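Structure below is model01.cif: mmCIF, C-alpha atoms and all ligand atoms.
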```cif
data_run
loop_
_atom_site.group_PDB
_atom_site.id
_atom_site.type_symbol
_atom_site.label_atom_id
_atom_site.label_comp_id
_atom_site.auth_asym_id
_atom_site.auth_seq_id
_atom_site.Cartn_x
_atom_site.Cartn_y
_atom_site.Cartn_z
ATOM 1 C CA LEU I 1 136.489 111.473 88.172
ATOM 2 C CA ALA I 2 132.718 111.492 88.605
ATOM 3 C CA LYS I 3 131.200 114.914 89.293
ATOM 4 C CA SER I 4 129.593 115.559 92.675
ATOM 5 C CA TRP I 5 126.594 117.274 94.156
ATOM 6 C CA SER I 6 127.175 120.827 95.389
ATOM 7 C CA THR I 7 124.600 120.061 98.097
ATOM 8 C CA PRO I 8 123.686 116.425 98.768
ATOM 9 C CA PRO I 9 120.059 115.582 97.931
ATOM 10 C CA GLU I 10 119.299 114.766 101.575
ATOM 11 C CA GLU I 11 119.740 118.461 102.188
ATOM 12 C CA ALA I 12 118.754 119.991 98.867
ATOM 13 C CA LEU I 13 115.499 118.041 98.483
ATOM 14 C CA ARG I 14 114.299 117.314 102.002
ATOM 15 C CA VAL I 15 110.911 118.853 102.631
ATOM 16 C CA ALA I 16 111.201 121.483 105.345
ATOM 17 C CA ALA I 17 108.508 123.621 106.965
ATOM 18 C CA GLY I 18 107.330 126.239 104.482
ATOM 19 C CA PHE I 19 107.907 124.144 101.362
ATOM 20 C CA ASP I 20 105.459 125.429 98.753
ATOM 21 C CA LEU I 21 104.623 123.036 95.960
ATOM 22 C CA ALA I 22 102.733 125.608 93.882
ATOM 23 C CA SER I 23 105.804 127.827 93.537
ATOM 24 C CA ALA I 24 108.427 125.063 93.168
ATOM 25 C CA ASP I 25 110.406 125.023 89.903
ATOM 26 C CA LEU I 26 109.946 121.470 88.675
ATOM 27 C CA SER I 27 112.533 121.723 85.924
ATOM 28 C CA ALA I 28 115.215 122.714 88.438
ATOM 29 C CA THR I 29 118.032 120.388 89.521
ATOM 30 C CA PRO I 30 118.665 121.486 93.132
ATOM 31 C CA GLY I 31 122.127 120.591 94.378
ATOM 32 C CA TRP I 32 123.364 119.396 90.963
ATOM 33 C CA GLU I 33 125.140 121.781 88.627
ATOM 34 C CA HIS I 34 126.739 119.493 86.057
ATOM 35 C CA GLY I 35 123.919 118.683 83.661
ATOM 36 C CA GLU I 36 122.693 115.435 82.183
ATOM 37 C CA ASP I 37 125.760 113.615 80.862
ATOM 38 C CA ALA I 38 127.609 113.911 84.151
ATOM 39 C CA ALA I 39 124.431 112.822 85.960
ATOM 40 C CA VAL I 40 124.237 109.616 83.946
ATOM 41 C CA LYS I 41 127.850 108.817 84.843
ATOM 42 C CA ARG I 42 127.289 109.684 88.483
ATOM 43 C CA LEU I 43 124.238 107.413 88.658
ATOM 44 C CA ARG I 44 126.275 104.532 87.276
ATOM 45 C CA LYS I 45 128.868 105.035 90.028
ATOM 46 C CA ASP I 46 126.226 105.360 92.725
ATOM 47 C CA GLY I 47 124.644 102.199 91.369
ATOM 48 C CA GLU I 48 127.880 100.288 91.930
ATOM 49 C CA ARG I 49 128.051 101.457 95.525
ATOM 50 C CA LEU I 50 124.370 100.778 96.024
ATOM 51 C CA GLY I 51 124.873 97.266 94.686
ATOM 52 C CA GLU I 52 127.713 96.571 97.104
ATOM 53 C CA ALA I 53 125.793 97.893 100.102
ATOM 54 C CA GLN I 54 122.732 95.956 99.019
ATOM 55 C CA GLU I 55 124.681 92.712 98.942
ATOM 56 C CA ARG I 56 125.690 93.234 102.570
ATOM 57 C CA LEU I 57 122.078 94.023 103.414
ATOM 58 C CA TYR I 58 120.919 90.847 101.690
ATOM 59 C CA ALA I 59 123.549 88.774 103.508
ATOM 60 C CA HIS I 60 122.407 90.331 106.767
ATOM 61 C CA GLY I 61 118.846 89.225 106.006
ATOM 62 C CA ARG I 62 119.943 85.717 105.129
ATOM 63 C CA ALA I 63 121.647 85.560 108.518
ATOM 64 C CA GLY I 64 118.359 86.452 110.222
ATOM 65 C CA GLY I 65 118.879 90.226 110.364
ATOM 66 C CA THR I 66 115.850 92.485 110.443
ATOM 67 C CA ARG I 67 117.151 95.713 108.921
ATOM 68 C CA ALA I 68 115.510 96.806 105.656
ATOM 69 C CA VAL I 69 115.044 99.889 103.495
ATOM 70 C CA LEU I 70 111.707 101.063 102.133
ATOM 71 C CA LEU I 71 111.526 103.430 99.178
ATOM 72 C CA VAL I 72 108.081 104.980 98.822
ATOM 73 C CA LEU I 73 107.403 106.436 95.364
ATOM 74 C CA GLN I 74 104.533 108.833 94.857
ATOM 75 C CA GLY I 75 103.755 111.033 91.907
ATOM 76 C CA MET I 76 101.105 111.999 89.405
ATOM 77 C CA ASP I 77 100.673 109.929 86.251
ATOM 78 C CA THR I 78 103.752 110.146 84.007
ATOM 79 C CA ALA I 79 105.908 111.461 86.876
ATOM 80 C CA GLY I 80 108.364 108.643 86.203
ATOM 81 C CA LYS I 81 107.857 106.053 88.937
ATOM 82 C CA GLY I 82 108.370 103.227 86.474
ATOM 83 C CA GLY I 83 111.568 104.819 85.198
ATOM 84 C CA ILE I 84 112.937 104.983 88.728
ATOM 85 C CA VAL I 85 112.256 101.299 89.182
ATOM 86 C CA ARG I 86 113.949 100.464 85.852
ATOM 87 C CA HIS I 87 116.891 102.829 85.990
ATOM 88 C CA VAL I 88 117.688 102.909 89.717
ATOM 89 C CA LEU I 89 116.482 99.612 91.173
ATOM 90 C CA GLY I 90 117.646 98.048 87.917
ATOM 91 C CA LEU I 91 121.201 98.679 89.113
ATOM 92 C CA VAL I 92 120.945 96.144 91.931
ATOM 93 C CA ASP I 93 120.426 92.403 92.219
ATOM 94 C CA PRO I 94 116.683 91.777 91.733
ATOM 95 C CA GLN I 95 116.796 89.073 94.434
ATOM 96 C CA GLY I 96 117.236 91.767 97.042
ATOM 97 C CA VAL I 97 114.421 93.995 95.822
ATOM 98 C CA GLN I 98 110.827 93.570 96.895
ATOM 99 C CA LEU I 99 108.609 95.630 94.577
ATOM 100 C CA ARG I 100 104.962 96.269 95.361
ATOM 101 C CA SER I 101 102.500 98.333 93.322
ATOM 102 C CA PHE I 102 99.338 99.620 94.921
ATOM 103 C CA GLY I 103 96.403 100.151 92.603
ATOM 104 C CA VAL I 104 92.681 100.534 93.170
ATOM 105 C CA PRO I 105 91.916 98.398 96.246
ATOM 106 C CA THR I 106 90.116 95.133 95.651
ATOM 107 C CA GLU I 107 86.784 94.549 97.334
ATOM 108 C CA LYS I 108 88.531 92.551 100.039
ATOM 109 C CA GLU I 109 91.124 95.283 100.586
ATOM 110 C CA ARG I 110 88.391 97.908 100.829
ATOM 111 C CA SER I 111 86.804 95.989 103.686
ATOM 112 C CA GLN I 112 90.061 96.108 105.677
ATOM 113 C CA PRO I 113 91.828 99.006 107.426
ATOM 114 C CA PHE I 114 93.666 100.979 104.714
ATOM 115 C CA LEU I 115 97.094 100.197 106.161
ATOM 116 C CA GLN I 116 96.618 96.440 106.131
ATOM 117 C CA ARG I 117 97.689 95.784 102.552
ATOM 118 C CA ILE I 118 100.601 98.144 103.159
ATOM 119 C CA ARG I 119 101.755 96.197 106.233
ATOM 120 C CA GLU I 120 101.542 93.003 104.238
ATOM 121 C CA GLY I 121 103.745 94.566 101.563
ATOM 122 C CA LEU I 122 106.538 95.709 103.886
ATOM 123 C CA PRO I 123 110.010 94.450 102.964
ATOM 124 C CA ALA I 124 111.375 91.432 104.784
ATOM 125 C CA GLY I 125 114.682 91.755 106.655
ATOM 126 C CA GLY I 126 117.572 92.240 104.246
ATOM 127 C CA ARG I 127 115.458 93.641 101.409
ATOM 128 C CA ILE I 128 115.015 96.933 99.678
ATOM 129 C CA GLY I 129 111.271 97.362 99.457
ATOM 130 C CA VAL I 130 109.837 99.631 96.791
ATOM 131 C CA PHE I 131 106.292 100.923 96.903
ATOM 132 C CA ASP I 132 105.028 102.085 93.490
ATOM 133 C CA ARG I 133 102.218 104.164 95.005
ATOM 134 C CA SER I 134 101.444 103.500 98.615
ATOM 135 C CA HIS I 135 99.257 104.295 101.629
ATOM 136 C CA TYR I 136 99.523 107.938 100.500
ATOM 137 C CA GLU I 137 96.941 107.212 97.798
ATOM 138 C CA ASP I 138 94.523 106.984 100.736
ATOM 139 C CA VAL I 139 95.003 110.722 101.325
ATOM 140 C CA LEU I 140 95.544 111.710 97.668
ATOM 141 C CA VAL I 141 93.213 110.091 95.120
ATOM 142 C CA VAL I 142 90.838 109.270 97.971
ATOM 143 C CA ARG I 143 90.782 112.849 99.238
ATOM 144 C CA VAL I 144 90.494 114.479 95.816
ATOM 145 C CA ASN I 145 87.655 112.193 94.755
ATOM 146 C CA GLU I 146 85.992 112.109 98.184
ATOM 147 C CA LEU I 147 85.985 108.315 98.201
ATOM 148 C CA VAL I 148 85.541 108.377 101.993
ATOM 149 C CA PRO I 149 84.138 111.106 104.252
ATOM 150 C CA ARG I 150 86.484 113.955 105.161
ATOM 151 C CA ALA I 151 86.699 112.904 108.820
ATOM 152 C CA VAL I 152 88.021 109.525 107.708
ATOM 153 C CA TRP I 153 90.824 110.791 105.477
ATOM 154 C CA GLU I 154 91.634 113.615 107.896
ATOM 155 C CA ALA I 155 92.434 111.071 110.592
ATOM 156 C CA ARG I 156 94.777 109.184 108.291
ATOM 157 C CA TYR I 157 97.712 111.604 108.412
ATOM 158 C CA ASP I 158 98.265 110.849 112.095
ATOM 159 C CA GLN I 159 97.656 107.148 111.532
ATOM 160 C CA ILE I 160 100.292 107.178 108.819
ATOM 161 C CA ASN I 161 102.831 108.942 111.035
ATOM 162 C CA THR I 162 102.255 106.436 113.831
ATOM 163 C CA PHE I 163 102.536 103.519 111.416
ATOM 164 C CA GLU I 164 105.760 104.813 109.887
ATOM 165 C CA ARG I 165 107.283 105.345 113.329
ATOM 166 C CA GLU I 166 106.537 101.684 114.149
ATOM 167 C CA VAL I 167 108.064 100.529 110.884
ATOM 168 C CA SER I 168 111.144 102.613 111.537
ATOM 169 C CA GLU I 169 111.487 101.333 115.095
ATOM 170 C CA ALA I 170 111.333 97.783 113.770
ATOM 171 C CA GLY I 171 114.519 98.497 111.805
ATOM 172 C CA THR I 172 113.349 99.695 108.395
ATOM 173 C CA VAL I 173 114.768 102.933 107.022
ATOM 174 C CA ILE I 174 112.051 104.806 105.158
ATOM 175 C CA VAL I 175 112.818 107.053 102.179
ATOM 176 C CA LYS I 176 109.806 108.852 100.757
ATOM 177 C CA VAL I 177 110.085 110.395 97.321
ATOM 178 C CA ALA I 178 107.509 112.706 95.783
ATOM 179 C CA LEU I 179 108.249 112.846 92.061
ATOM 180 C CA LEU I 180 107.001 116.260 91.044
ATOM 181 C CA VAL I 181 106.095 116.766 87.410
ATOM 182 C CA SER I 182 104.589 120.009 86.094
ATOM 183 C CA ALA I 183 101.209 120.084 84.360
ATOM 184 C CA GLN I 184 102.803 121.126 81.031
ATOM 185 C CA GLU I 185 105.344 118.323 81.194
ATOM 186 C CA GLN I 186 102.649 115.808 82.083
ATOM 187 C CA LYS I 187 100.632 116.928 79.063
ATOM 188 C CA ALA I 188 103.671 116.506 76.825
ATOM 189 C CA ARG I 189 104.291 113.014 78.185
ATOM 190 C CA LEU I 190 100.675 111.969 77.712
ATOM 191 C CA ARG I 191 100.757 113.426 74.197
ATOM 192 C CA GLU I 192 103.860 111.392 73.452
ATOM 193 C CA ARG I 193 102.095 108.225 74.546
ATOM 194 C CA LEU I 194 99.472 108.964 71.889
ATOM 195 C CA GLU I 195 102.099 109.446 69.201
ATOM 196 C CA ARG I 196 103.854 106.143 69.764
ATOM 197 C CA PRO I 197 102.328 102.678 69.337
ATOM 198 C CA ASP I 198 104.938 101.332 71.759
ATOM 199 C CA LYS I 199 103.463 103.644 74.434
ATOM 200 C CA TYR I 200 99.746 103.101 73.889
ATOM 201 C CA TRP I 201 99.781 100.436 76.580
ATOM 202 C CA LYS I 202 100.739 103.085 79.137
ATOM 203 C CA TYR I 203 97.884 105.367 78.135
ATOM 204 C CA ASN I 204 94.698 105.334 80.113
ATOM 205 C CA PRO I 205 91.872 107.625 78.898
ATOM 206 C CA GLY I 206 90.794 108.118 82.510
ATOM 207 C CA ASP I 207 94.094 109.851 83.280
ATOM 208 C CA VAL I 208 93.079 112.717 81.022
ATOM 209 C CA ASP I 209 89.978 113.416 83.121
ATOM 210 C CA GLU I 210 91.953 113.047 86.325
ATOM 211 C CA ARG I 211 94.461 115.739 85.304
ATOM 212 C CA LEU I 212 91.664 118.343 85.244
ATOM 213 C CA LYS I 213 91.716 118.038 89.044
ATOM 214 C CA TRP I 214 95.334 119.255 89.045
ATOM 215 C CA VAL I 215 94.877 122.037 91.593
ATOM 216 C CA ARG I 216 93.110 119.749 94.024
ATOM 217 C CA TYR I 217 95.823 117.133 93.662
ATOM 218 C CA GLN I 218 98.379 119.827 94.312
ATOM 219 C CA GLU I 219 96.577 120.751 97.542
ATOM 220 C CA ALA I 220 96.441 117.100 98.552
ATOM 221 C CA TYR I 221 100.179 116.657 97.885
ATOM 222 C CA GLN I 222 100.925 119.841 99.803
ATOM 223 C CA ALA I 223 98.986 118.479 102.799
ATOM 224 C CA VAL I 224 100.920 115.209 102.625
ATOM 225 C CA LEU I 225 104.252 117.046 102.581
ATOM 226 C CA ASP I 226 103.164 119.399 105.384
ATOM 227 C CA ARG I 227 101.768 116.718 107.661
ATOM 228 C CA THR I 228 103.776 113.551 107.109
ATOM 229 C CA SER I 229 107.368 114.643 106.665
ATOM 230 C CA THR I 230 108.813 113.449 109.967
ATOM 231 C CA GLU I 231 112.241 112.871 111.468
ATOM 232 C CA VAL I 232 112.031 109.091 110.972
ATOM 233 C CA ALA I 233 110.303 109.235 107.598
ATOM 234 C CA PRO I 234 111.109 112.471 105.768
ATOM 235 C CA TRP I 235 109.778 113.390 102.340
ATOM 236 C CA TYR I 236 112.083 114.346 99.529
ATOM 237 C CA ALA I 237 110.506 116.639 96.946
ATOM 238 C CA VAL I 238 112.164 115.657 93.694
ATOM 239 C CA PRO I 239 111.594 117.924 90.678
ATOM 240 C CA ALA I 240 110.900 115.428 87.916
ATOM 241 C CA ASP I 241 110.478 117.359 84.672
ATOM 242 C CA ASN I 242 114.025 116.200 83.937
ATOM 243 C CA LYS I 243 113.854 112.428 84.216
ATOM 244 C CA TRP I 244 117.636 112.167 84.455
ATOM 245 C CA PHE I 245 117.664 114.397 87.511
ATOM 246 C CA ALA I 246 114.985 112.414 89.335
ATOM 247 C CA ARG I 247 116.882 109.180 88.691
ATOM 248 C CA LEU I 248 120.159 110.692 89.806
ATOM 249 C CA ALA I 249 118.597 112.018 93.003
ATOM 250 C CA VAL I 250 116.753 108.841 93.949
ATOM 251 C CA GLY I 251 119.827 106.732 93.183
ATOM 252 C CA ARG I 252 121.862 108.793 95.583
ATOM 253 C CA LEU I 253 119.167 108.864 98.304
ATOM 254 C CA LEU I 254 118.864 105.107 98.114
ATOM 255 C CA ARG I 255 122.613 104.557 98.066
ATOM 256 C CA ASP I 256 122.982 106.675 101.189
ATOM 257 C CA ALA I 257 120.112 104.915 102.950
ATOM 258 C CA VAL I 258 121.561 101.441 102.379
ATOM 259 C CA GLU I 259 125.154 102.461 103.094
ATOM 260 C CA GLY I 260 123.889 104.325 106.161
ATOM 261 C CA LEU I 261 122.962 100.996 107.751
ATOM 262 C CA HIS I 262 126.720 100.391 108.105
ATOM 263 C CA LEU I 263 126.330 96.649 107.844
ATOM 264 C CA GLY I 264 129.389 94.443 107.760
ATOM 265 C CA TRP I 265 129.438 90.909 106.407
ATOM 266 C CA PRO I 266 127.726 88.461 108.754
ATOM 267 C CA PRO I 267 130.228 86.213 110.564
ATOM 268 C CA ALA I 268 130.344 82.529 109.643
ATOM 269 C CA ASP I 269 128.057 80.373 111.779
ATOM 270 C CA PHE I 270 130.406 77.409 111.244
ATOM 271 C CA ASP I 271 134.067 76.719 111.986
ATOM 272 C CA VAL I 272 135.926 78.026 108.936
ATOM 273 C CA GLU I 273 139.149 76.081 109.584
ATOM 274 C CA GLU I 274 137.268 72.853 110.183
ATOM 275 C CA GLU I 275 135.318 73.295 106.944
ATOM 276 C CA LYS I 276 138.518 73.956 104.982
ATOM 277 C CA ALA I 277 140.014 70.752 106.350
ATOM 278 C CA ARG I 278 136.884 68.765 105.553
ATOM 279 C CA LEU I 279 136.742 70.076 102.005
ATOM 280 C CA ASP I 280 140.474 69.497 101.405
ATOM 281 C CA ALA I 281 140.161 65.920 102.707
ATOM 282 C CA GLN I 282 137.619 64.985 100.047
ATOM 283 C CA PRO I 283 138.994 62.881 97.144
ATOM 284 C CA PHE I 284 137.833 65.295 94.358
HETATM 285 P P1 LIG F 301 99.791 103.315 87.319
HETATM 286 O O1 LIG F 301 98.753 104.341 86.991
HETATM 287 O O2 LIG F 301 100.639 103.697 88.463
HETATM 288 O O3 LIG F 301 100.550 102.848 86.135
HETATM 289 P P2 LIG F 301 97.586 101.506 87.723
HETATM 290 O O4 LIG F 301 97.092 101.633 86.344
HETATM 291 O O5 LIG F 301 97.522 100.211 88.449
HETATM 292 O O6 LIG F 301 99.079 102.003 87.844
HETATM 293 O O7 LIG F 301 96.825 102.634 88.523
HETATM 294 C C1 LIG F 301 96.787 102.673 89.838
HETATM 295 C C2 LIG F 301 95.534 103.461 90.168
HETATM 296 O O8 LIG F 301 95.093 103.022 91.421
HETATM 297 C C3 LIG F 301 95.796 104.939 90.253
HETATM 298 O O9 LIG F 301 94.835 105.644 89.530
HETATM 299 C C4 LIG F 301 95.641 105.212 91.732
HETATM 300 O O10 LIG F 301 95.163 106.480 92.007
HETATM 301 C C5 LIG F 301 94.679 104.129 92.148
HETATM 302 N N1 LIG F 301 94.784 103.836 93.584
HETATM 303 C C6 LIG F 301 95.870 103.425 94.256
HETATM 304 N N2 LIG F 301 95.601 103.301 95.561
HETATM 305 C C7 LIG F 301 94.298 103.648 95.715
HETATM 306 C C8 LIG F 301 93.431 103.727 96.832
HETATM 307 N N3 LIG F 301 93.856 103.446 98.058
HETATM 308 N N4 LIG F 301 92.170 104.094 96.612
HETATM 309 C C9 LIG F 301 91.735 104.403 95.376
HETATM 310 N N5 LIG F 301 92.498 104.346 94.274
HETATM 311 C C10 LIG F 301 93.777 103.980 94.445
#
```
When written as structure tokens, how does the structure in this file appear?
Ligand code: ADP
Amino acid sequence: LAKSWSTPPEEALRVAAGFDLASADLSATPGWEHGEDAAVKRLRKDGERLGEAQERLYAHGRAGGTRAVLLVLQGMDTAGKGGIVRHVLGLVDPQGVQLRSFGVPTEKERSQPFLQRIREGLPAGGRIGVFDRSHYEDVLVVRVNELVPRAVWEARYDQINTFEREVSEAGTVIVKVALLVSAQEQKARLRERLERPDKYWKYNPGDVDERLKWVRYQEAYQAVLDRTSTEVAPWYAVPADNKWFARLAVGRLLRDAVEGLHLGWPPADFDVEEEKARLDAQPF
């Protein structure tokens, strides 16, 4: 029998008032007391259930349904966003997944309202959308590096909350995950990239300068968690120094979000008996 959470991640990881990033233990595994091997088994089980629920969601979309799920992934470099995509989304049919990565805005994107490229990337009905980085970069990297005046980024928290409420009201369940890696663990992961030729491609010299701004990033993340964790779009603070824990937690959050739609199979839009008769009447 697969081991279970002592407290489900919706409860154990949901950001509540008073959450303090600076004092959080990022090697902890809140709500899970069975270690890594059991976590790997549990994730496999959750993946099966996620896959089944996702197939109903996809069928719903094919039948014109508008429900969708959006997983927003944020985290510092090396926090493990790519691993979540591989190890969690990798458990479901890629047809039903709509993955979008948000990097440095193009010139055209910079000339548009910051939420425009995000709106354009929202999942269609029936899909699980995944944002690898998101509109939150517009109050994280942008804030830390003062890429726009303070008054501009200050106004964005409310704009984001309004936007997410609209998205939610249109039928998309939003799950926001902050993958929280410690500075020491990040250093170790960057160091590893320099040891291994198969990881050089992930290494970006600029990331090493960026990590010197750690404290300011931490403040920017704290502001995001304080100001944008809402009833319709809560943040989950996922300690990510243990990659296996982050994957376990996100797998379960996603499974619950898709199952929580409680979708049945769409009814046939044709006469089943008539179709059986027609098919049976054919000569081969
Ligand atoms: P990753 O680092 O996730 O592997 P990239 O190499 O494409 O992917 O890096 C994305 C970069 O784009 C990050 O440094 C991120 O901070 C930056 N970025 C994303 N959104 C914005 C934005 N709105 N404004 C400025 N920079 C952004």
Using only C-alpha atoms and all ligand atoms, which of the listed residues (I:Glu36, I:Asp20, I:Glu169, I:Asp77) sits closest to ligand LIG 301 (chain F)?
I:Asp77
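Applied to this file, the PyMOL selection byres (((chain I and resi 96) around 9) and not hetatm) selects the residues Gln54, Glu55, Leu57, Tyr58, Val92, Asp93, Pro94, Gln95, Val97, Gln98, Gly126, Arg127, Ile128 and Gly129 of chain I.
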Writing out the chosen residues with C-alpha atoms as a JSON list (two decimals), in the coordinates of the input:
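part08.json, freshly written:
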```json
[["chain", "number", "residue", "atom", "x", "y", "z"],
["I", 54, "GLN", "CA", 122.73, 95.96, 99.02],
["I", 55, "GLU", "CA", 124.68, 92.71, 98.94],
["I", 57, "LEU", "CA", 122.08, 94.02, 103.41],
["I", 58, "TYR", "CA", 120.92, 90.85, 101.69],
["I", 92, "VAL", "CA", 120.94, 96.14, 91.93],
["I", 93, "ASP", "CA", 120.43, 92.40, 92.22],
["I", 94, "PRO", "CA", 116.68, 91.78, 91.73],
["I", 95, "GLN", "CA", 116.80, 89.07, 94.43],
["I", 97, "VAL", "CA", 114.42, 94.00, 95.82],
["I", 98, "GLN", "CA", 110.83, 93.57, 96.90],
["I", 126, "GLY", "CA", 117.57, 92.24, 104.25],
["I", 127, "ARG", "CA", 115.46, 93.64, 101.41],
["I", 128, "ILE", "CA", 115.02, 96.93, 99.68],
["I", 129, "GLY", "CA", 111.27, 97.36, 99.46]]
```
One residue among I:Gly121, I:Phe114, I:Val144, I:Asp46 is nearest to Asp256 (chain I) when using all atoms listed in the file, and that residue is I:Asp46
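What the PyMOL selection byres (((not hetatm)) within 6 of (chain F and resi 301)) matches in the given file is Asp77, Phe102, Gly103, Val104, Pro105, Glu137, Asp138, Val141 and Val142 of chain I.
For the residues I:Trp201, I:Lys276, I:Thr7, I:Gln159, ranking by smallest atom-to-atom distance to Thr228 (chain I) using only C-alpha atoms places I:Gln159 first.
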Rank nothing, just name the residue among I:Leu50, I:Ile84, I:Ala22, I:Ala16 nearest to Leu248 (chain I), using all atoms listed in the file.
I:Ile84
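Counting only C-alpha atoms and comparing I:Thr106, I:Ser4, I:Asn242, I:Thr78, the residue that lies closest to Lys41 (chain I) is I:Ser4.
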Name the closest residue to Ala17 (chain I) among the candidates I:Leu254, I:Leu225, I:Val232, I:Ala277; distances are taken between atoms, counting only C-alpha atoms.
I:Leu225
Expanded to explicit residues, what is the PyMOL selection byres (((chain I and resi 203-213) around 10) and not hetatm) for this file, as a VMD selection string?
chain I and resid 76 to 78 141 144 to 145 183 186 to 187 189 to 194 199 to 202 214 to 218
Could you tell me how far CA of Val175 (chain I) lies from CA of Leu71 (chain I), in Å and to one decimal?
4.9 Å
Who sits within 9 Å of Tyr157 (chain I), all atoms listed in the file, same chain under 2 positions skipped, as number ranges by chain:
I: 136, 139, 153-155, 159-162, 223-224, 227-228
Residues within 10 Å of (103.0, 100.2, 109.5), counting all atoms listed in the file, listed as an MDAnalysis selection string
chainID I and resid 115:122 135 159:168 170
Enumerate, as a ChimeraX atom specification, the protein, DNA and RNA residues whose atoms approach (113.5, 104.4, 90.0) to within 10 Å, taking into account all atoms listed in the file and the coordinate frame of the file.
/I:71,73,80-91,130,132,243,246-251,254
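Between CA of Trp265 (chain I) and CA of Lys45 (chain I) the interatomic distance comes to 21.6 Å.
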Please, what is the axis-aligned box for every listed atom of region 36-46 of chain I with 4 Å on each side, as centre and edge lengths in Å to one decimal, as lines of an AutoDock Vina configuration file?
```
center_x = 125.8
center_y = 110.0
center_z = 86.8
size_x = 14.2
size_y = 18.9
size_z = 19.9
```
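CA of Val177 (chain I) is found 21.3 Å from CA of Gly125 (chain I).
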For Ala2 (chain I), find every residue with an atom within 12 Å (counting only C-alpha atoms), except residues of its own chain fewer than 5 positions away, and show them as an MDAnalysis selection string.
chainID I and resid 34 37:46
Taking 5 positions as the minimum chain separation for residues in the same chain, which residues sit within 12 Å of Ala268 (chain I) when counting only C-alpha atoms? Answer as a ChimeraX atom specification.
/I:59-60,62-63,273-275
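Excluding Leu26 (chain I) itself and same-chain residues fewer than 4 positions from it, the residues having an atom within 7 Å of it are Leu180, Val181, Ser182, Pro239, Ala240 and Asp241 of chain I, counting all atoms listed in the file.
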Please produce a file of those selected residues containing C-alpha atoms, as a PDB file, keeping the file's coordinate frame.
```pdb
ATOM      1  CA  LEU I 180     107.001 116.260  91.044  1.00  0.00           C
ATOM      2  CA  VAL I 181     106.095 116.766  87.410  1.00  0.00           C
ATOM      3  CA  SER I 182     104.589 120.009  86.094  1.00  0.00           C
ATOM      4  CA  PRO I 239     111.594 117.924  90.678  1.00  0.00           C
ATOM      5  CA  ALA I 240     110.900 115.428  87.916  1.00  0.00           C
ATOM      6  CA  ASP I 241     110.478 117.359  84.672  1.00  0.00           C
TER       7      ASP I 241
END
```
